[in-house]
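Okay, so here's the structure we're looking at.
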Amino acid sequence: MNKLALLLLICIGLGVPAGAQRLSGISSRWSDSFVEWELFAFAPDSVQASEDDAPEEIAVGALQLRWLNVRDDWTEWEYSIGEEQGTIRMKWKDDPSQWELRTYSGDVISMRTAWRGDFSEWRVTDNTISLTLRSRWTSQLDEWLVQENTSGSFYMYTLVEGDPRDWAIEDGLDETVSQPMKMALIFLTVFHASPRI
């Protein structure tokens, strides 16, 4: 019985999916393009030796235009985090105020602006949980946050002010908030802060 319990503990420890990790950042893959992104999380075995040492980050996923190198269509994206994959697309081709994330396993996340014509505040929902994502400043899109009494907080900011290529993610959301919901928050942030080049 002891061998079986030990084997079960080892399998559980090794079987933690990448999607369960706390995401730590997202960076554009190229310095002159915003159509391909890499997602990062803190390595599970990285231990801070001191306050000056930053924990190690590892690449755990990607976000990119769906029709990369085929056509310049910013209305359709695809993403992967570990084994989870999905698409993000503008719900209606002529309405940039509504987006939809669909995972290949069937989850659907809806994203829409809170106010008509204002792309600095969004409502994100999976029909169970609703979050409000807003830019801290309406004229500068370097900081985005979610502050909910019941679901926790989520904060994204550029590592260098005015440079939307590298973002830090501080994920303080409750465990009930799904990885696709977090991906929707990340997408809205980098999409609206990036120049369309």
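In the structure tokens, each chain is lettered A, B, ... as it comes, each chain's residues begin at 1, and ligands are numbered from 1 in order of appearance.
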
Quick check for you: according to DSSP on this backbone, which residues of segment 96-145 of chain A are classed as strand (DSSP E)? Reply as a PyMOL selection string. chain A and resi 96-103+108-115+118-125+130-135+143-145

Fewer than 4 positions away in the same chain doesn't count, so skip those; otherwise give me all residues within 7 Å of Leu63 of chain A, counting only C-alpha atoms, as a list in words.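 So, after excluding close chain neighbours, the residues are Glu36, Trp37, Glu38, Glu78, Tyr79 and Ser80 of chain A.
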
Would you save the residues of that selection, restricted to N, CA and C atoms, as a compact mmCIF listing (two decimals), in the first residue's frame?
# COMPACT_ATOMS: atom_id res chain seq x y z
N GLU A 36 2.66 37.97 -33.07
CA GLU A 36 3.03 36.73 -32.39
C GLU A 36 3.53 37.05 -31.00
N TRP A 37 3.00 36.32 -30.01
CA TRP A 37 3.33 36.55 -28.61
C TRP A 37 3.69 35.24 -27.93
N GLU A 38 4.55 35.33 -26.91
CA GLU A 38 4.89 34.18 -26.07
C GLU A 38 4.42 34.44 -24.65
N GLU A 78 -5.38 32.87 -32.52
CA GLU A 78 -5.39 31.56 -31.87
C GLU A 78 -4.36 31.57 -30.75
N TYR A 79 -4.62 30.73 -29.75
CA TYR A 79 -3.72 30.70 -28.60
C TYR A 79 -3.55 29.27 -28.12
N SER A 80 -2.49 29.06 -27.36
CA SER A 80 -2.27 27.77 -26.67
C SER A 80 -1.56 28.07 -25.36

Contacts of Met156 of chain A at 6 Å or less, counting only C-alpha atoms, minus same-chain residues fewer than 3 places along, as a ChimeraX atom specification? /A:143-144,168-169

Residues within 10 Å of segment 188-191 of chain A, only C-alpha atoms, excluding chain neighbours under 4 positions, as a PyMOL selection string: chain A and resi 26-28+34-35+37+74+99+111-112+119-122+124+133-135+141-145+156-158+164-167+183-184+195-196

For Ile109 of chain A: contacts at 6 Å, only C-alpha atoms, fewer than 2 positions along chain excluded, given as JSON, numbers by chain: {"A": [100, 101, 125, 126]}

What's the separation between atom CA of Phe40 of chain A and atom CA of Glu57 of chain A, in Å to one decimal place? 6.1 Å

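Taking atom CA of Gly82 of chain A and atom CA of Ala43 of chain A as endpoints, the distance between them is 13.2 Å.
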
In Å, with one decimal, what is the gap from atom CA of Ala62 of chain A to atom CA of Leu39 of chain A? 5.5 Å

For a quick check of understanding, using only C-alpha atoms, which of A:Thr128, A:Asn69, A:Ser110, A:Leu159 has the smallest distance to Arg89 of chain A?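 Using only C-alpha atoms, the shortest distance to Arg89 of chain A belongs to A:Ser110.
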
Give me, as a PDB file with all heavy atoms, in the first residue's frame, all polymer residues having an atom no more than 10 Å from Asp107 of chain A, counting only C-alpha atoms and skipping those fewer than 2 positions away in the same chain.
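What follows is the written file around_13.pdb:
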ATOM      1  N   GLY A  86      -7.265  27.349 -28.327  1.00  0.00           N
ATOM      2  CA  GLY A  86      -8.532  27.963 -28.686  1.00  0.00           C
ATOM      3  C   GLY A  86      -8.348  29.093 -29.676  1.00  0.00           C
ATOM      4  O   GLY A  86      -7.234  29.376 -30.118  1.00  0.00           O
ATOM      5  N   LEU A 101     -13.925  34.276 -27.209  1.00  0.00           N
ATOM      6  CA  LEU A 101     -12.873  33.265 -27.087  1.00  0.00           C
ATOM      7  C   LEU A 101     -13.555  31.913 -27.001  1.00  0.00           C
ATOM      8  O   LEU A 101     -14.490  31.738 -26.213  1.00  0.00           O
ATOM      9  CB  LEU A 101     -12.035  33.520 -25.835  1.00  0.00           C
ATOM     10  CG  LEU A 101     -10.895  32.542 -25.548  1.00  0.00           C
ATOM     11  CD1 LEU A 101      -9.757  33.262 -24.832  1.00  0.00           C
ATOM     12  CD2 LEU A 101     -11.325  31.345 -24.731  1.00  0.00           C
ATOM     13  N   ARG A 102     -13.107  30.965 -27.815  1.00  0.00           N
ATOM     14  CA  ARG A 102     -13.636  29.593 -27.793  1.00  0.00           C
ATOM     15  C   ARG A 102     -12.474  28.619 -27.657  1.00  0.00           C
ATOM     16  O   ARG A 102     -11.548  28.647 -28.457  1.00  0.00           O
ATOM     17  CB  ARG A 102     -14.409  29.268 -29.071  1.00  0.00           C
ATOM     18  CG  ARG A 102     -15.711  29.997 -29.183  1.00  0.00           C
ATOM     19  CD  ARG A 102     -16.463  29.583 -30.457  1.00  0.00           C
ATOM     20  NE  ARG A 102     -17.750  30.226 -30.503  1.00  0.00           N
ATOM     21  CZ  ARG A 102     -18.872  29.692 -30.038  1.00  0.00           C
ATOM     22  NH1 ARG A 102     -18.851  28.495 -29.503  1.00  0.00           N
ATOM     23  NH2 ARG A 102     -20.015  30.351 -30.112  1.00  0.00           N
ATOM     24  N   THR A 103     -12.548  27.770 -26.637  1.00  0.00           N
ATOM     25  CA  THR A 103     -11.533  26.733 -26.494  1.00  0.00           C
ATOM     26  C   THR A 103     -11.947  25.536 -27.339  1.00  0.00           C
ATOM     27  O   THR A 103     -13.126  25.375 -27.668  1.00  0.00           O
ATOM     28  CB  THR A 103     -11.388  26.276 -25.028  1.00  0.00           C
ATOM     29  OG1 THR A 103     -12.589  25.614 -24.623  1.00  0.00           O
ATOM     30  CG2 THR A 103     -11.108  27.454 -24.106  1.00  0.00           C
ATOM     31  N   TYR A 104     -10.975  24.706 -27.690  1.00  0.00           N
ATOM     32  CA  TYR A 104     -11.293  23.512 -28.463  1.00  0.00           C
ATOM     33  C   TYR A 104     -12.040  22.485 -27.624  1.00  0.00           C
ATOM     34  O   TYR A 104     -12.608  21.539 -28.159  1.00  0.00           O
ATOM     35  CB  TYR A 104     -10.030  22.914 -29.066  1.00  0.00           C
ATOM     36  CG  TYR A 104      -9.400  23.793 -30.127  1.00  0.00           C
ATOM     37  CD1 TYR A 104      -8.055  23.700 -30.434  1.00  0.00           C
ATOM     38  CD2 TYR A 104     -10.141  24.744 -30.821  1.00  0.00           C
ATOM     39  CE1 TYR A 104      -7.477  24.504 -31.407  1.00  0.00           C
ATOM     40  CE2 TYR A 104      -9.574  25.554 -31.783  1.00  0.00           C
ATOM     41  CZ  TYR A 104      -8.244  25.426 -32.073  1.00  0.00           C
ATOM     42  OH  TYR A 104      -7.677  26.227 -33.036  1.00  0.00           O
ATOM     43  N   SER A 105     -12.089  22.691 -26.303  1.00  0.00           N
ATOM     44  CA  SER A 105     -12.850  21.789 -25.438  1.00  0.00           C
ATOM     45  C   SER A 105     -14.268  22.294 -25.182  1.00  0.00           C
ATOM     46  O   SER A 105     -15.018  21.679 -24.448  1.00  0.00           O
ATOM     47  CB  SER A 105     -12.112  21.577 -24.117  1.00  0.00           C
ATOM     48  OG  SER A 105     -11.927  22.801 -23.456  1.00  0.00           O
ATOM     49  N   ILE A 109     -16.004  32.340 -23.917  1.00  0.00           N
ATOM     50  CA  ILE A 109     -15.848  33.547 -23.113  1.00  0.00           C
ATOM     51  C   ILE A 109     -16.261  34.721 -23.993  1.00  0.00           C
ATOM     52  O   ILE A 109     -15.765  34.876 -25.107  1.00  0.00           O
ATOM     53  CB  ILE A 109     -14.387  33.747 -22.651  1.00  0.00           C
ATOM     54  CG1 ILE A 109     -13.819  32.483 -22.002  1.00  0.00           C
ATOM     55  CG2 ILE A 109     -14.280  34.965 -21.744  1.00  0.00           C
ATOM     56  CD1 ILE A 109     -14.497  32.030 -20.760  1.00  0.00           C
ATOM     57  N   ASP A 126     -18.014  34.276 -18.669  1.00  0.00           N
ATOM     58  CA  ASP A 126     -18.235  32.904 -19.152  1.00  0.00           C
ATOM     59  C   ASP A 126     -19.653  32.451 -18.805  1.00  0.00           C
ATOM     60  O   ASP A 126     -19.951  31.276 -18.786  1.00  0.00           O
ATOM     61  CB  ASP A 126     -17.203  31.943 -18.572  1.00  0.00           C
ATOM     62  CG  ASP A 126     -17.292  31.823 -17.053  1.00  0.00           C
ATOM     63  OD1 ASP A 126     -18.150  32.483 -16.427  1.00  0.00           O
ATOM     64  OD2 ASP A 126     -16.494  31.058 -16.475  1.00  0.00           O
ATOM     65  N   SER A 178     -11.348  30.744 -14.634  1.00  0.00           N
ATOM     66  CA  SER A 178     -10.702  29.768 -15.517  1.00  0.00           C
ATOM     67  C   SER A 178      -9.533  30.363 -16.295  1.00  0.00           C
ATOM     68  O   SER A 178      -9.428  31.579 -16.466  1.00  0.00           O
ATOM     69  CB  SER A 178     -11.734  29.210 -16.506  1.00  0.00           C
ATOM     70  OG  SER A 178     -12.130  30.227 -17.414  1.00  0.00           O
ATOM     71  N   PRO A 180      -9.138  30.133 -19.565  1.00  0.00           N
ATOM     72  CA  PRO A 180      -9.641  30.876 -20.726  1.00  0.00           C
ATOM     73  C   PRO A 180     -10.090  32.300 -20.377  1.00  0.00           C
ATOM     74  O   PRO A 180      -9.887  33.220 -21.171  1.00  0.00           O
ATOM     75  CB  PRO A 180     -10.822  30.026 -21.214  1.00  0.00           C
ATOM     76  CG  PRO A 180     -10.473  28.641 -20.784  1.00  0.00           C
ATOM     77  CD  PRO A 180      -9.773  28.809 -19.460  1.00  0.00           C
ATOM     78  N   MET A 181     -10.669  32.510 -19.194  1.00  0.00           N
ATOM     79  CA  MET A 181     -11.037  33.865 -18.776  1.00  0.00           C
ATOM     80  C   MET A 181      -9.786  34.733 -18.651  1.00  0.00           C
ATOM     81  O   MET A 181      -9.764  35.875 -19.107  1.00  0.00           O
ATOM     82  CB  MET A 181     -11.766  33.846 -17.431  1.00  0.00           C
ATOM     83  CG  MET A 181     -13.181  33.351 -17.492  1.00  0.00           C
ATOM     84  SD  MET A 181     -14.372  34.614 -17.919  1.00  0.00           S
ATOM     85  CE  MET A 181     -14.481  35.554 -16.421  1.00  0.00           C
TER      86      MET A 181
END
